[in-house]
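One structure is given below, encoded as structure tokens.
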Amino acid sequence: MANHGKKRFSITAAGDEPGVLSRVSQSPAVRRTKQAASDAAFVAKKLLRSTGKAAWIAGTTFLVLVVPLVVAMDREQQINELESHQASILGTPPPALQKS
Amino acid sequence: MAQPAPTDTKLDEKVDYFNLPCPIPFEELHREAMMSLKPDLFEGMRFDFTKMLNQKFSLNHSVLMGPTEIPSQSTETIKIPTANYEFGATFIDHPRLLLWGRILTDGRLNARVKCDVSENLTFKANAQLTNEPHMSHGMVNFDYKGKDYRTQFQLGNGALLGASYIQSVTRNLSLGGEVFWAGQHRKSGVGYAARYNTDKWIYTSHGSNISCATCNPSGGIRNGFSHTQVASTGMVLASYVQKVSEKVSLASELMCNYLSRDVTASFGYDYILRQCRLRGKIDSNGCCAAFLEERLNMGLNFILSAELDHKKKDYKFGFGLTVGE
């Protein structure tokens, strides 16, 4: 008799009915949240992996296609500057600035 | 007062249909696009030495060490390190005669002859002989150049017969066609081509239906076999080259194989600077490549080649030195 009233509020499982904690953890809301969290983790892992792959491909392609170009154009510019500097020292203005 | 001659050179005004320039040969239609998009990529170390004995005659020694791919059935690429030495001789008597030969240590011999029989008729022959049976081939071409057209007749082993004709239609546009028949594979085909060039850009397109082997003698010597354009059935190729400045040109090419539903697009650049020449290209098959030739000194060139194939995860890098003019 005294047990009837207390049965619903016991925390741990007593008798046949599950306790509050396990009922809460089996309720649909918590289950859905857990499923959503594991889905989110799965998607985040996939996204990270594919971002990593894309970054690798972009990085190596940039290294092969763009870096030699930048280096070559920089050297070309240096040579041009040196030439124009030399031309101006020797007294003849560089051909681009010659008038008449 | 004499009438002005119809050779009117004003650009947008009337086109003088009797005075059109001679078009470039049919097999070299894609020449500018090929120069940018298909540099001579290699893997390993390469050393080339050219010695001119005379103004007309030169000898050439070349060493190539590196992995070479073996065609394999599975998706993996199998590479075996090989090294070979190639010796060659070239005789050029500029306008009339060119003789060129190369022999490798694995027994392959390549030879080319080009001879101007008369002012308009040219005879070309090219042969590749190997140790393996049934892998040697040779081809003979007769080219006739008219005032504004060119025709070519080809005869190759394996009963290969081909003919092509290209005509300048206006000052910038030239159209051409080709037919060929391969007896060995019992295949025949027809192709059409168009080329439009201005000072700044060039557009070419070429469609063919069941093509087989047309030996293109102007490319691909490094691999040891003369470049055979073996497209499978039904191919359309369009290319566009734009000369952005006198140092830079950009090229793009689209190749559609409409029977095997295979489409490839590629873009490339070609920078010709004073000390170096840099070519790069990127493909829709996930392949990007770069080729750098740098002039270290008079007659001394340093070459670097890189090719990344992201789909097959195959990376090839090479370096080399070229000595001699």
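Just so we're on the same page: first chain in the structure tokens is A, next is B, and so on; residues restart at 1 for each chain, and ligands are numbered from 1 in the order they show up.
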Worksheet item: Counting only C-alpha atoms, which residues of chain B come no farther than 12 Å from chain A, as JSON, numbers by chain?
Response: {"B": [247, 248, 267, 268, 269, 270, 271, 272, 273, 274, 275, 276, 277, 278, 279, 280, 281, 282, 283, 286, 287, 288, 289, 290, 291, 292, 293, 294, 295, 304, 305, 306, 307, 308, 309, 310, 311, 313, 315, 316, 317]}
Discussion item. I want to know what sits within 12 Å of Ser118 in chain B, based on only C-alpha atoms, with residues of the same chain fewer than 2 positions away left out; could you give that as a PyMOL selection string?
Written reply: chain B and resi 95-97+115-116+120-123+142-145
Store the residues picked out above in a file with N, CA, C and O atoms, as a tab-separated table (two decimals), in the first residue's frame.
chain	number	residue	atom	x	y	z
B	95	PRO	N	65.91	24.64	-98.28
B	95	PRO	CA	64.61	24.62	-98.95
B	95	PRO	C	64.23	23.26	-99.49
B	95	PRO	O	63.06	22.96	-99.61
B	96	ARG	N	65.23	22.43	-99.78
B	96	ARG	CA	64.82	21.29	-100.59
B	96	ARG	C	64.81	19.95	-99.88
B	96	ARG	O	64.02	19.11	-100.22
B	97	LEU	N	65.71	19.70	-98.99
B	97	LEU	CA	65.87	18.32	-98.53
B	97	LEU	C	66.05	18.29	-97.03
B	97	LEU	O	66.78	19.09	-96.47
B	115	CYS	N	61.43	15.97	-99.14
B	115	CYS	CA	62.19	16.41	-100.30
B	115	CYS	C	61.27	17.20	-101.21
B	115	CYS	O	60.16	16.77	-101.48
B	116	ASP	N	61.71	18.36	-101.66
B	116	ASP	CA	60.89	19.17	-102.58
B	116	ASP	C	61.24	18.78	-103.99
B	116	ASP	O	62.24	19.23	-104.53
B	120	ASN	N	56.24	23.00	-106.32
B	120	ASN	CA	54.93	22.78	-105.71
B	120	ASN	C	54.73	21.39	-105.17
B	120	ASN	O	53.78	21.16	-104.46
B	121	LEU	N	55.56	20.48	-105.54
B	121	LEU	CA	55.34	19.08	-105.16
B	121	LEU	C	56.38	18.69	-104.12
B	121	LEU	O	57.56	18.93	-104.30
B	122	THR	N	55.93	18.11	-103.03
B	122	THR	CA	56.83	17.68	-101.97
B	122	THR	C	56.60	16.22	-101.68
B	122	THR	O	55.47	15.76	-101.67
B	123	PHE	N	57.67	15.54	-101.42
B	123	PHE	CA	57.59	14.12	-101.13
B	123	PHE	C	58.07	13.94	-99.69
B	123	PHE	O	59.11	14.42	-99.32
B	142	PHE	N	52.61	12.49	-100.55
B	142	PHE	CA	52.91	13.39	-101.66
B	142	PHE	C	52.06	14.62	-101.46
B	142	PHE	O	50.85	14.53	-101.38
B	143	ASP	N	52.68	15.79	-101.42
B	143	ASP	CA	51.94	17.03	-101.19
B	143	ASP	C	52.03	17.89	-102.41
B	143	ASP	O	53.12	18.13	-102.92
B	144	TYR	N	50.91	18.42	-102.82
B	144	TYR	CA	50.94	19.38	-103.93
B	144	TYR	C	50.38	20.68	-103.43
B	144	TYR	O	49.30	20.73	-102.86
B	145	LYS	N	51.10	21.74	-103.69
B	145	LYS	CA	50.66	23.04	-103.18
B	145	LYS	C	50.24	23.89	-104.36
B	145	LYS	O	51.02	24.16	-105.25
Discussion item. Could you list, as a PyMOL selection string, every residue within 8 Å of range 178-195 of chain B, counting only C-alpha atoms and ignoring same-chain residues fewer than 4 positions away?
Written reply: chain B and resi 29+158-165+172-174+202-213
Generate the output file for the selected residues, N, CA, C and O atoms, as a short mmCIF file (atom, residue, chain, number, x, y, z; two decimals), in the first residue's frame.
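Written file, selection17.cif:
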data_model
loop_
_atom_site.label_atom_id
_atom_site.label_comp_id
_atom_site.auth_asym_id
_atom_site.auth_seq_id
_atom_site.Cartn_x
_atom_site.Cartn_y
_atom_site.Cartn_z
N LEU B 29 46.90 21.72 -88.95
CA LEU B 29 45.82 22.66 -88.60
C LEU B 29 45.86 23.07 -87.16
O LEU B 29 45.58 24.20 -86.81
N GLY B 158 50.20 -1.65 -94.12
CA GLY B 158 48.90 -2.07 -93.65
C GLY B 158 47.82 -1.54 -94.56
O GLY B 158 46.69 -1.31 -94.15
N ALA B 159 48.19 -1.30 -95.81
CA ALA B 159 47.23 -0.83 -96.83
C ALA B 159 46.48 0.40 -96.36
O ALA B 159 45.26 0.46 -96.38
N LEU B 160 47.21 1.38 -95.95
CA LEU B 160 46.60 2.63 -95.48
C LEU B 160 46.67 3.64 -96.61
O LEU B 160 47.74 3.93 -97.11
N LEU B 161 45.52 4.16 -97.01
CA LEU B 161 45.50 5.14 -98.09
C LEU B 161 44.76 6.36 -97.57
O LEU B 161 43.73 6.22 -96.93
N GLY B 162 45.28 7.52 -97.87
CA GLY B 162 44.56 8.69 -97.40
C GLY B 162 44.75 9.83 -98.36
O GLY B 162 45.74 9.89 -99.09
N ALA B 163 43.81 10.75 -98.36
CA ALA B 163 43.96 11.93 -99.20
C ALA B 163 43.33 13.08 -98.45
O ALA B 163 42.34 12.91 -97.75
N SER B 164 43.91 14.26 -98.60
CA SER B 164 43.29 15.40 -97.93
C SER B 164 43.43 16.62 -98.82
O SER B 164 44.33 16.70 -99.65
N TYR B 165 42.54 17.55 -98.61
CA TYR B 165 42.50 18.74 -99.46
C TYR B 165 42.11 19.91 -98.58
O TYR B 165 41.17 19.82 -97.81
N ASN B 172 40.96 34.76 -94.24
CA ASN B 172 41.19 34.18 -92.92
C ASN B 172 40.68 32.77 -92.75
O ASN B 172 41.08 32.09 -91.83
N LEU B 173 39.78 32.37 -93.61
CA LEU B 173 39.10 31.09 -93.38
C LEU B 173 39.59 30.08 -94.39
O LEU B 173 39.71 30.38 -95.57
N SER B 174 39.88 28.89 -93.90
CA SER B 174 40.20 27.82 -94.85
C SER B 174 39.48 26.56 -94.42
O SER B 174 39.32 26.29 -93.23
N ILE B 202 43.10 32.28 -83.34
CA ILE B 202 42.95 31.23 -84.34
C ILE B 202 41.94 30.23 -83.81
O ILE B 202 42.04 29.79 -82.67
N TYR B 203 41.01 29.87 -84.65
CA TYR B 203 40.03 28.88 -84.25
C TYR B 203 40.06 27.74 -85.26
O TYR B 203 39.99 27.98 -86.45
N THR B 204 40.17 26.52 -84.78
CA THR B 204 40.13 25.40 -85.73
C THR B 204 39.13 24.38 -85.22
O THR B 204 38.94 24.23 -84.02
N SER B 205 38.53 23.68 -86.14
CA SER B 205 37.71 22.56 -85.69
C SER B 205 37.83 21.45 -86.71
O SER B 205 38.05 21.69 -87.89
N HIS B 206 37.73 20.26 -86.23
CA HIS B 206 38.03 19.09 -87.04
C HIS B 206 37.11 17.98 -86.60
O HIS B 206 37.07 17.65 -85.42
N GLY B 207 36.35 17.43 -87.50
CA GLY B 207 35.46 16.34 -87.12
C GLY B 207 35.75 15.17 -88.01
O GLY B 207 35.96 15.32 -89.20
N SER B 208 35.78 13.99 -87.44
CA SER B 208 35.99 12.84 -88.30
C SER B 208 35.18 11.67 -87.79
O SER B 208 34.83 11.61 -86.62
N ASN B 209 34.95 10.77 -88.65
CA ASN B 209 34.06 9.68 -88.38
C ASN B 209 34.82 8.42 -88.71
O ASN B 209 35.27 8.25 -89.82
N ILE B 210 34.99 7.56 -87.76
CA ILE B 210 35.87 6.40 -87.83
C ILE B 210 37.24 6.78 -88.33
O ILE B 210 37.56 6.64 -89.49
N SER B 211 38.05 7.30 -87.46
CA SER B 211 39.40 7.55 -87.92
C SER B 211 40.25 6.40 -87.43
O SER B 211 39.92 5.72 -86.48
N CYS B 212 41.32 6.18 -88.10
CA CYS B 212 42.26 5.18 -87.59
C CYS B 212 43.61 5.84 -87.54
O CYS B 212 43.75 6.89 -86.98
N ALA B 213 44.61 5.28 -88.14
CA ALA B 213 45.93 5.82 -87.90
C ALA B 213 46.31 6.79 -88.99
O ALA B 213 46.49 6.40 -90.12
#
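Interatomic distance, CA of Asp314 in chain B against CA of Lys53 in chain A: 15.5 Å.
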Worksheet item: Leaving out Val263 in chain B and any residue of its chain fewer than 2 positions from it, which residues lie within 12 Å of it when counting only C-alpha atoms, given as a PyMOL selection string?
Response: chain B and resi 234-238+253-261+265-266+283-285
